[in-house]
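So this one's query22.cif, mmCIF, C-alpha atoms:
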data_structure
#
loop_
_atom_site.label_atom_id
_atom_site.label_comp_id
_atom_site.auth_asym_id
_atom_site.auth_seq_id
_atom_site.Cartn_x
_atom_site.Cartn_y
_atom_site.Cartn_z
CA MET A 5 19.83 13.35 0.54
CA GLU A 6 17.01 15.91 0.64
CA HIS A 7 14.71 13.37 -0.99
CA ARG A 8 15.48 10.80 1.69
CA HIS A 9 14.85 13.35 4.42
CA GLY A 10 11.51 14.17 2.81
CA ASP A 11 10.57 10.51 2.64
CA ALA A 12 11.48 10.03 6.30
CA ALA A 13 9.35 13.03 7.21
CA LYS A 14 6.38 11.51 5.38
CA GLY A 15 6.83 8.23 7.27
CA THR A 16 7.10 10.06 10.57
CA GLY A 17 4.00 12.08 9.77
CA LEU A 18 1.95 8.92 9.19
CA LEU A 19 3.19 7.37 12.41
CA SER A 20 2.46 10.57 14.34
CA ARG A 21 -1.16 10.40 13.15
CA ILE A 22 -1.32 6.76 14.21
CA GLU A 23 0.15 7.62 17.60
CA ARG A 24 -2.55 10.21 18.19
CA ALA A 25 -5.29 7.81 17.03
CA LEU A 26 -4.20 5.07 19.42
CA GLY A 27 -4.13 7.32 22.48
CA THR A 28 -1.76 7.91 25.33
CA GLY A 29 1.55 6.19 25.98
CA THR A 30 5.24 6.88 25.73
CA ALA A 31 6.15 6.47 22.06
CA ALA A 32 9.57 5.49 20.70
CA TYR A 33 10.62 6.06 17.09
CA LEU A 34 13.35 4.03 15.39
CA PRO A 35 14.46 5.11 11.88
CA GLY A 36 16.06 2.67 9.48
CA ALA A 37 17.14 2.50 5.86
CA GLY A 38 13.91 3.21 3.99
CA TRP A 39 11.67 2.57 6.97
CA ILE A 40 10.67 3.91 10.37
CA ARG A 41 9.23 2.07 13.36
CA LEU A 42 6.91 3.33 16.09
CA THR A 43 6.61 1.42 19.37
CA LEU A 44 3.71 2.54 21.55
CA PRO A 45 2.53 0.88 24.78
CA LEU A 46 -1.17 1.70 25.06
CA ASP A 47 -1.77 3.18 28.50
CA ASP A 48 -5.38 2.26 29.30
CA GLY A 49 -5.05 2.05 33.06
CA GLY A 50 -4.53 -1.72 33.17
CA PRO A 51 -1.70 -3.41 35.08
CA ALA A 52 0.21 -3.84 31.80
CA PRO A 53 -0.29 -2.33 28.34
CA VAL A 54 -0.94 -3.78 24.94
CA THR A 55 2.09 -2.71 22.90
CA VAL A 56 1.67 -1.69 19.27
CA ASP A 57 4.60 -1.61 16.84
CA VAL A 58 4.09 0.07 13.47
CA VAL A 59 6.66 -0.25 10.67
CA ALA A 60 6.15 2.14 7.76
CA ASP A 61 7.97 2.48 4.46
CA THR A 62 9.40 5.97 4.04
CA ALA A 63 9.40 5.91 0.22
CA ARG A 64 5.76 5.13 -0.49
CA ALA A 65 2.34 5.21 1.08
CA PRO A 66 0.94 1.86 2.22
CA GLN A 67 -1.64 0.10 0.09
CA GLY A 68 -2.94 -1.94 2.99
CA ILE A 69 -2.32 -2.98 6.59
CA VAL A 70 -1.14 -6.31 7.95
CA TYR A 71 -1.66 -6.98 11.64
CA LEU A 72 1.10 -9.30 12.86
CA LEU A 73 0.07 -11.38 15.87
CA PRO A 74 2.89 -13.19 17.72
CA GLY A 75 2.84 -16.70 19.10
CA GLY A 76 2.16 -17.50 22.73
CA GLY A 77 4.74 -16.04 25.09
CA LEU A 78 6.33 -14.06 22.25
CA ASN A 79 6.13 -10.43 21.21
CA PHE A 80 6.32 -8.57 17.90
CA ALA A 81 10.07 -7.99 18.07
CA ALA A 82 10.90 -11.60 18.97
CA ASP A 83 8.62 -13.21 16.41
CA PHE A 84 8.70 -10.89 13.42
CA PHE A 85 11.50 -8.33 13.83
CA THR A 86 14.33 -10.52 15.11
CA PRO A 87 17.87 -9.13 14.74
CA GLY A 88 20.02 -11.60 12.84
CA GLY A 89 16.98 -13.44 11.51
CA PRO A 90 16.52 -14.56 7.90
CA GLY A 91 19.07 -12.80 5.75
CA GLY A 92 21.22 -11.75 8.70
CA PRO A 93 21.49 -8.32 10.36
CA GLY A 94 20.09 -6.57 7.28
CA GLY A 95 16.62 -7.28 8.58
CA HIS A 96 15.06 -9.63 6.02
CA HIS A 97 12.56 -10.76 8.59
CA LEU A 98 8.84 -11.08 8.03
CA ALA A 99 7.95 -7.51 9.06
CA HIS A 100 10.25 -6.01 6.43
CA THR A 101 9.20 -8.53 3.80
CA LEU A 102 5.59 -7.45 4.21
CA ARG A 103 6.56 -3.77 4.29
CA ARG A 104 8.33 -4.21 0.97
CA ARG A 105 5.13 -5.72 -0.42
CA GLY A 106 3.39 -2.41 0.24
CA PHE A 107 1.87 -3.02 3.68
CA LEU A 108 1.86 -0.89 6.77
CA VAL A 109 2.98 -3.46 9.35
CA VAL A 110 1.22 -3.31 12.71
CA GLY A 111 2.41 -5.69 15.42
CA VAL A 112 0.12 -6.20 18.41
CA THR A 113 1.91 -7.60 21.46
CA PRO A 114 -0.31 -8.96 24.27
CA ARG A 115 -0.29 -7.39 27.72
CA GLU A 116 1.46 -10.40 29.24
CA ASP A 117 4.77 -9.43 27.65
CA ALA A 118 4.97 -6.34 29.88
CA ALA A 119 3.30 -7.91 32.93
CA ALA A 120 4.53 -9.45 36.14
CA ALA A 121 3.18 -12.91 36.93
CA ALA A 122 0.96 -11.47 39.69
CA ASP A 123 -0.73 -9.19 37.12
CA ILE A 124 -1.87 -12.04 34.85
CA THR A 125 -5.38 -13.02 35.85
CA ALA A 126 -7.67 -15.95 35.17
CA ASP A 127 -9.65 -13.97 32.58
CA ARG A 128 -6.75 -13.57 30.12
CA GLY A 129 -8.12 -16.08 27.65
CA LEU A 130 -8.52 -15.91 23.89
CA GLU A 131 -11.51 -13.58 24.10
CA ALA A 132 -9.45 -11.00 26.02
CA TYR A 133 -6.76 -11.17 23.32
CA ARG A 134 -9.38 -10.65 20.64
CA ARG A 135 -10.90 -7.71 22.49
CA ASP A 136 -7.52 -5.98 22.77
CA LEU A 137 -6.78 -6.56 19.08
CA SER A 138 -10.21 -5.24 18.08
CA GLY A 139 -9.57 -1.93 19.85
CA VAL A 140 -6.37 -1.38 17.86
CA VAL A 141 -8.01 -2.35 14.57
CA ARG A 142 -11.02 -0.06 15.09
CA ALA A 143 -8.79 2.92 15.88
CA LEU A 144 -6.59 2.46 12.81
CA ASP A 145 -9.45 1.56 10.48
CA SER A 146 -11.29 4.78 11.34
CA LEU A 147 -8.10 6.74 10.64
CA LEU A 148 -6.73 5.03 7.52
CA GLU A 149 -9.63 3.12 5.92
CA LEU A 150 -7.24 0.72 4.19
CA PRO A 151 -7.80 -2.95 3.36
CA TYR A 152 -6.22 -5.15 6.00
CA THR A 153 -4.97 -8.64 6.78
CA TYR A 154 -4.68 -10.59 10.01
CA ALA A 155 -1.47 -12.64 10.05
CA GLY A 156 -0.38 -14.70 13.03
CA HIS A 157 2.07 -17.38 14.08
CA SER A 158 1.12 -20.27 16.37
CA ALA A 159 -1.32 -18.99 19.02
CA GLY A 160 -1.33 -15.68 17.14
CA ALA A 161 -2.64 -17.51 14.08
CA LEU A 162 -5.60 -18.88 16.02
CA LEU A 163 -6.21 -15.35 17.29
CA ALA A 164 -6.18 -14.14 13.66
CA LEU A 165 -8.77 -16.74 12.69
CA ASP A 166 -10.92 -16.02 15.74
CA ALA A 167 -10.76 -12.27 15.08
CA ALA A 168 -11.76 -12.83 11.46
CA SER A 169 -14.82 -14.82 12.58
CA HIS A 170 -16.06 -11.76 14.50
CA ASP A 171 -14.97 -9.03 12.05
CA THR A 172 -17.63 -7.94 9.55
CA CYS A 173 -15.68 -4.97 8.13
CA PRO A 174 -15.52 -5.17 4.30
CA ARG A 175 -11.89 -3.98 4.44
CA LEU A 176 -10.78 -7.27 6.06
CA ARG A 177 -9.43 -9.11 3.02
CA ARG A 178 -7.16 -11.95 4.18
CA VAL A 179 -6.08 -14.14 7.07
CA VAL A 180 -2.64 -15.72 7.15
CA ALA A 181 -2.35 -18.59 9.64
CA LEU A 182 1.25 -19.70 10.12
CA ASP A 183 1.81 -23.07 11.80
CA THR A 184 -1.22 -23.47 14.00
CA THR A 185 -3.90 -26.04 14.70
CA GLY A 186 -7.67 -26.00 14.51
CA PRO A 187 -9.70 -28.91 15.84
CA TYR A 188 -8.00 -32.28 15.85
CA THR A 189 -9.92 -35.45 15.09
CA GLY A 190 -10.03 -38.88 16.71
CA GLU A 191 -7.49 -39.76 19.39
CA LEU A 192 -5.72 -36.39 19.13
CA ALA A 193 -9.01 -34.59 19.86
CA GLU A 194 -9.32 -36.69 23.02
CA ARG A 195 -5.77 -35.78 23.98
CA ALA A 196 -6.58 -32.11 23.41
CA ALA A 197 -9.60 -32.42 25.71
CA ALA A 198 -7.34 -33.84 28.42
CA THR A 199 -4.97 -30.89 27.91
CA ARG A 200 -7.90 -28.47 28.19
CA ASP A 201 -8.94 -30.12 31.44
CA ALA A 202 -5.39 -29.99 32.82
CA TYR A 203 -5.22 -26.23 32.28
CA ALA A 204 -8.72 -25.76 33.68
CA THR A 205 -7.61 -27.60 36.81
CA GLN A 206 -4.56 -25.36 37.12
CA LEU A 207 -6.79 -22.30 36.89
CA ALA A 208 -9.09 -23.69 39.56
CA GLN A 209 -6.03 -24.10 41.78
CA GLY A 210 -5.07 -20.45 41.25
CA VAL A 211 -2.25 -21.07 38.74
CA THR A 212 -2.69 -18.27 36.19
CA THR A 213 0.61 -18.42 34.25
CA VAL A 214 2.71 -20.89 32.34
CA ASP A 215 6.45 -20.29 31.85
CA PRO A 216 7.79 -22.24 28.84
CA GLY A 217 11.36 -21.65 30.08
CA LEU A 218 12.94 -21.84 26.64
CA ALA A 219 14.58 -18.40 26.84
CA ALA A 220 16.64 -19.38 29.88
CA VAL A 221 17.65 -22.71 28.33
CA VAL A 222 18.86 -21.04 25.13
CA ALA A 223 20.66 -18.27 27.04
CA LYS A 224 22.65 -20.81 29.07
CA ALA A 225 23.51 -22.77 25.92
CA VAL A 226 25.02 -19.64 24.39
CA ALA A 227 26.78 -18.38 27.54
CA ASP A 228 28.10 -21.72 28.83
CA PRO A 229 27.54 -24.47 26.25
CA ASP A 230 29.64 -27.13 28.01
CA GLY A 231 28.28 -26.40 31.49
CA VAL A 232 26.19 -29.00 33.30
CA SER A 233 22.45 -28.34 33.30
CA ALA A 234 19.93 -29.46 35.91
CA ALA A 235 18.05 -31.66 33.42
CA PRO A 236 18.48 -35.47 33.57
CA TRP A 237 20.07 -37.07 30.53
CA PRO A 238 17.65 -39.70 29.11
CA PRO A 239 20.19 -42.52 28.50
CA ASP A 240 21.30 -42.29 32.15
CA PRO A 241 19.10 -40.07 34.35
CA SER A 242 21.81 -39.93 36.99
CA LEU A 243 23.76 -37.73 34.56
CA ARG A 244 22.81 -34.27 33.28
CA PHE A 245 22.62 -32.68 29.84
CA THR A 246 25.15 -30.02 28.97
CA HIS A 247 23.51 -26.63 28.47
CA ALA A 248 24.03 -26.85 24.70
CA GLY A 249 22.78 -30.42 24.57
CA LEU A 250 19.63 -29.55 26.50
CA ALA A 251 18.84 -26.55 24.30
CA HIS A 252 19.18 -28.54 21.09
CA PHE A 253 17.18 -31.46 22.49
CA ALA A 254 14.40 -29.09 23.62
CA LEU A 255 14.29 -27.45 20.19
CA VAL A 256 14.36 -30.49 17.92
CA ARG A 257 12.54 -32.99 20.17
CA THR A 258 9.98 -30.74 21.78
CA ALA A 259 7.24 -33.36 21.52
CA SER A 260 9.16 -35.68 23.86
CA LEU A 261 9.40 -33.11 26.67
CA PRO A 262 7.09 -33.26 29.69
CA GLY A 263 4.24 -30.78 29.90
CA PRO A 264 0.53 -30.71 29.01
CA ALA A 265 0.92 -29.25 25.50
CA ASN A 266 4.27 -30.33 24.03
CA TRP A 267 2.57 -33.22 22.25
CA ILE A 268 0.99 -30.80 19.76
CA TYR A 269 4.30 -30.64 17.86
CA VAL A 270 4.93 -33.44 15.39
CA ARG A 271 8.58 -33.24 16.44
CA GLY A 272 9.78 -29.84 17.53
CA HIS A 273 10.26 -26.11 17.49
CA ALA A 274 13.19 -26.55 15.11
CA ALA A 275 14.30 -28.99 12.44
CA GLY A 276 17.60 -30.63 13.21
CA SER A 277 19.11 -33.67 14.86
CA HIS A 278 20.19 -34.77 18.31
CA ALA A 279 22.08 -38.04 18.85
CA PHE A 280 23.11 -39.27 22.29
CA GLY A 281 26.78 -40.08 22.79
CA SER A 282 28.44 -42.25 25.41
CA SER A 283 28.18 -39.28 27.80
CA PRO A 284 26.32 -35.95 27.76
CA ALA A 285 29.48 -34.18 26.61
CA GLU A 286 29.63 -36.46 23.57
CA ASP A 287 26.09 -35.80 22.34
CA ARG A 288 25.99 -34.61 18.72
CA PHE A 289 23.41 -32.13 17.56
CA THR A 290 22.68 -29.59 14.85
CA LEU A 291 19.93 -27.23 13.72
CA ALA A 292 18.84 -27.39 10.08
CA HIS A 293 17.34 -23.96 9.38
CA THR A 294 17.62 -21.58 12.34
CA PRO A 295 21.05 -21.18 14.00
CA LEU A 296 21.18 -21.08 17.79
CA PRO A 297 22.29 -17.38 17.81
CA VAL A 298 19.03 -16.49 16.05
CA TRP A 299 17.03 -18.41 18.66
CA HIS A 300 18.98 -16.47 21.26
CA ALA A 301 18.29 -13.12 19.57
CA ALA A 302 14.58 -13.92 19.43
CA THR A 303 14.22 -15.17 23.00
CA SER A 304 16.38 -12.32 24.32
CA ALA A 305 13.81 -9.88 22.91
CA LEU A 306 11.07 -11.26 25.14
CA GLY A 307 9.51 -9.46 28.04
CA SER A 308 8.01 -11.77 30.66
CA GLY A 309 7.81 -14.72 28.26
CA LEU A 310 4.78 -15.89 30.25
CA LEU A 311 1.64 -17.49 28.89
CA PRO A 312 -1.72 -17.05 30.62
CA THR A 313 -3.13 -20.39 31.73
CA ALA A 314 -6.54 -19.20 30.53
CA LEU A 315 -5.17 -18.73 27.03
CA MET A 316 -3.73 -22.26 27.01
CA ARG A 317 -7.07 -23.64 28.23
CA ASP A 318 -8.93 -21.87 25.43
CA LEU A 319 -6.44 -22.96 22.77
CA ALA A 320 -6.79 -26.56 23.94
CA ALA A 321 -10.57 -26.22 23.80
CA VAL A 322 -10.26 -25.19 20.15
CA TRP A 323 -7.92 -28.13 19.47
CA ALA A 324 -10.46 -30.45 21.10
CA GLY A 325 -13.34 -29.09 19.04
CA ASP A 326 -15.00 -28.06 22.30
CA GLY A 327 -18.13 -26.18 21.28
CA GLU A 328 -18.88 -24.99 24.82
CA LEU A 329 -15.78 -23.78 26.69
CA TYR A 330 -14.31 -21.96 23.65
CA ALA A 331 -14.94 -22.36 19.95
CA ILE A 332 -14.10 -20.49 16.77
CA ALA A 333 -17.05 -19.90 14.46
CA TRP A 334 -15.32 -21.29 11.38
CA ASP A 335 -18.40 -20.76 9.21
CA ARG A 336 -18.28 -16.99 9.88
CA ILE A 337 -14.80 -16.53 8.40
CA ARG A 338 -15.48 -14.88 5.03
CA ALA A 339 -12.05 -13.45 4.19
CA GLU A 340 -9.53 -15.31 2.08
CA VAL A 341 -7.43 -17.69 4.22
CA ALA A 342 -3.85 -18.81 3.57
CA TRP A 343 -2.95 -21.50 6.13
CA VAL A 344 0.66 -22.71 6.09
CA ASN A 345 1.91 -25.33 8.53
CA THR A 346 5.31 -26.98 8.99
CA GLU A 347 5.93 -30.70 8.71
CA LEU A 348 7.76 -31.02 12.04
CA GLY A 349 5.84 -28.32 13.90
CA ARG A 350 2.04 -28.41 13.82
CA GLY A 351 1.99 -30.82 10.89
CA ASP A 352 -0.66 -31.88 8.42
CA HIS A 353 -3.87 -31.24 10.35
CA PRO A 354 -6.20 -29.36 7.99
CA ARG A 355 -9.52 -29.75 9.85
CA GLY A 356 -9.80 -26.04 10.64
CA ALA A 357 -9.37 -25.12 6.97
CA GLU A 358 -11.90 -27.78 6.00
CA LEU A 359 -14.46 -26.32 8.42
CA ILE A 360 -14.03 -22.87 6.85
CA ARG A 361 -14.70 -24.38 3.41
CA GLU A 362 -17.70 -26.31 4.73
CA GLY A 363 -19.07 -22.99 5.98
CA GLY A 364 -19.23 -21.74 2.39
CA ASN A 365 -15.88 -19.98 2.00
CA ASP A 366 -13.95 -21.59 -0.84
CA ARG A 367 -11.10 -19.05 -0.73
CA VAL A 368 -9.04 -21.22 1.60
CA SER A 369 -5.66 -22.82 1.00
CA PHE A 370 -3.82 -25.20 3.33
CA GLY A 371 -0.27 -26.42 2.84
CA VAL A 372 2.62 -27.97 4.75
CA VAL A 373 6.27 -26.94 4.37
CA PRO A 374 8.45 -30.07 4.42
CA GLY A 375 11.44 -30.32 6.71
CA TYR A 376 10.62 -27.24 8.80
CA GLY A 377 9.97 -26.94 12.54
CA HIS A 378 7.60 -24.59 14.30
CA GLY A 379 9.99 -21.65 14.82
CA ASP A 380 11.81 -22.19 11.53
CA ALA A 381 8.72 -20.80 9.80
CA VAL A 382 9.62 -17.30 11.02
CA TRP A 383 13.36 -17.53 11.81
CA GLY A 384 14.77 -19.99 9.28
CA SER A 385 17.52 -18.69 7.00
CA ARG A 386 15.45 -19.64 3.92
CA ALA A 387 12.02 -18.94 5.38
CA ALA A 388 11.38 -16.11 2.91
CA ALA A 389 11.70 -18.47 -0.06
CA ASP A 390 10.36 -21.67 1.48
CA VAL A 391 7.52 -20.36 3.67
CA TRP A 392 6.61 -16.70 3.18
CA SER A 393 6.36 -17.07 -0.59
CA ARG A 394 3.27 -19.25 0.05
CA PHE A 395 1.19 -16.32 1.30
#
Structure re-expressed in structure tokens:
Amino acid sequence: MEHRHGDAAKGTGLLSRIERALGTGTAAYLPGAGWIRLTLPLDDGGPAPVTVDVVADTARAPQGIVYLLPGGGLNFAADFFTPGGPGGPGGHHLAHTLRRRGFLVVGVTPREDAAAAADITADRGLEAYRRDLSGVVRALDSLLELPYTYAGHSAGALLALDAASHDTCPRLRRVVALDTTGPYTGELAERAAATRDAYATQLAQGVTTVDPGLAAVVAKAVADPDGVSAAPWPPDPSLRFTHAGLAHFALVRTASLPGPANWIYVRGHAAGSHAFGSSPAEDRFTLAHTPLPVWHAATSALGSGLLPTALMRDLAAVWAGDGELYAIAWDRIRAEVAWVNTELGRGDHPRGAELIREGGNDRVSFGVVPGYGHGDAVWGSRAAADVWSRF
């Protein structure tokens, strides 16, 4: 028992040093079995803070740092520290998997998670995200001087790649890009350009946020699965989905939903099936890898859940290969890159990885996990074996 107390004290001591290095804010400490977590909103005078989560092993000193960058509209807890995620309540989610590999895990949650819609401005594009991340990395690098990795999911993966293209520190060793898209080619590049223009038009009209709405859909499916939703039922639009039917349809057939950017999914957020019955109540549906309660646990951990329109515009510019509005300097990425997509999520679109190789970096791998959807890559019950073992 004394040994465990000593280990916990060492973990707390490291996190206390990190807290002081990052600056002011109201810190919260959460101890666990063999680990301790610090959550620190960085109070820099802005309308909403960047929030940093640090998960440290209490039995050994870290050999490196991994910066975990959540997908658009998500936060660290929802994406990488989800209760009831892979392995159940024991916490075999990605943050703990990386901690067990010897990393100090640092999650960087964008300001939007803690913001009201009125606080999200037209300048909250990809460059602003990168600037906020850079401040955290500089502070911790000057304190710890450990090798580090950028690892992101979805929009967070593009942020990881963009950050790596601007980071010349020799301690940056790897980038892990989990289910994201670089430039498309051909007709899809044209579609991405139209998406970019749609978001640019919204910004010009003063629309600075996008609300994906998935959290509310999943919450209703859990609380009142047989209740009648407001969404028309495709076989007969005069009828309405049940709450459970709508949630499953939105998860497994995301690409068929209206909206400027849902087409980027080959099929959906989740692998599974949805078959229409003779009425909405008779629809049949299932999820293949991530149970609905896990989706609920993840989306319930969100703050605002909002996406800045400027971020979506910049992401679409990258998808379009737009060299003017926003572009990633693929040829400046010198760290090793492990890029892992899902078959039903972002799919087999390796152009970004190819551009890194063409820039002279041959330490790049690209692979696609069969039968997985976009969110299954982080929340699937077998994600540790099927996905995370690839990086």
### Query
For Phe245 (chain A), which residue among A:Gly160, A:Pro174, A:Pro229, A:Gly190 is the nearest when counting only C-alpha atoms?
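Among the listed residues, A:Pro229 lies closest to Phe245 (chain A).
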### Task
Grab the CA of Ala357 (chain A) to CA of Val341 (chain A) distance for me, in Å with one decimal place.
8.2 Å
#### Entry: Within 9 Å of region 23-39 of chain A using only C-alpha atoms, minus same-chain residues under 4 positions, as a PyMOL selection string
chain A and resi 8+11-12+15-16+18-19+43-48+56+59-63+100+103+139-140+143-144+146-147
### Message
Which residues are close to Ala132 (chain A), i.e. within 12 Å by all atoms listed in the file, leaving aside same-chain residues fewer than 6 positions away? Reply as an MDAnalysis selection string.
### Response
chainID A and resid 54 114:116 124:126 138:139 163 166:167 312 314:315 318
### Task
Apply the PyMOL selection byres ((chain A and resi 395) around 9) to the file shown and report the selected residues as a VMD selection string.
chain A and resid 180 342 to 344 391 to 394
### Pairwise distance for CA of Arg350 (chain A) and CA of Ser304 (chain A), rounded to one decimal in Å
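Atom-to-atom, CA of Arg350 (chain A) and CA of Ser304 (chain A) are spaced 24.0 Å apart.
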### Task
Up to 9 Å from (-4.4, -32.8, 26.5) in the file's coordinates: name the residues, counting all atoms listed in the file, as a list in words.
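The residues near that point, listed by chain and number, are Leu192, Ala193, Glu194, Arg195, Ala196, Ala197, Ala198, Thr199, Arg200, Asp201, Ala202, Tyr203, Pro264, Ala265, Trp267, Ile268, Ala320 and Ala324 of chain A.
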### Point-to-point distance from CA of Leu162 (chain A) to CA of Thr213 (chain A), Å rounded to tenths
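CA of Thr213 (chain A) lies at a distance of 19.3 Å from CA of Leu162 (chain A).
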### Message
Under the rule that all atoms listed in the file are counted, which of A:Val214, A:Val368, A:Ala292, A:Ala234 is the nearest residue to Leu255 (chain A)?
### Response
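Ranked by minimum distance to Leu255 (chain A), first place goes to A:Ala292.
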### Query
If we count all atoms listed in the file, what is near Ala305 (chain A) at a cut-off of 12 Å, once residues fewer than 4 positions away on the same chain are taken out, given as a PyMOL selection string?
chain A and resi 77-88+117-118+219+223+298-301+309
Take the residues from that selection and write them out as a compact mmCIF listing (two decimals), keeping the file's coordinate frame, keeping C-alpha atoms.
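The file below, again24.txt, is the result:
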# COMPACT_ATOMS: atom_id res chain seq x y z
CA GLY A 77 4.74 -16.04 25.09
CA LEU A 78 6.33 -14.06 22.25
CA ASN A 79 6.13 -10.43 21.21
CA PHE A 80 6.32 -8.57 17.90
CA ALA A 81 10.07 -7.99 18.07
CA ALA A 82 10.90 -11.60 18.97
CA ASP A 83 8.62 -13.21 16.41
CA PHE A 84 8.70 -10.89 13.42
CA PHE A 85 11.50 -8.33 13.83
CA THR A 86 14.33 -10.52 15.11
CA PRO A 87 17.87 -9.13 14.74
CA GLY A 88 20.02 -11.60 12.84
CA ASP A 117 4.77 -9.43 27.65
CA ALA A 118 4.97 -6.34 29.88
CA ALA A 219 14.58 -18.40 26.84
CA ALA A 223 20.66 -18.27 27.04
CA VAL A 298 19.03 -16.49 16.05
CA TRP A 299 17.03 -18.41 18.66
CA HIS A 300 18.98 -16.47 21.26
CA ALA A 301 18.29 -13.12 19.57
CA GLY A 309 7.81 -14.72 28.26
### Message
Quick check on the file I pasted: which residues fall under the PyMOL selection byres ((chain A and resi 179) around 8)? Write them as a list in words.
### Response
Thr153, Tyr154, Ala155, Ala164, Leu165, Ala168, Arg177, Arg178, Val180, Ala181, Ala339, Glu340, Val341 and Ala342 of chain A
#### Entry: Picked residues, the PyMOL selection byres ((chain A and resi 51) around 8), as an NGL selection string
:A and (49-50 or 52-53 or 119 or 123)
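For the set A:His97, A:Gly129, A:Gly111, A:Thr55, the residue with the smallest atom-to-atom gap to Ala321 (chain A) is A:Gly129, counting only C-alpha atoms.
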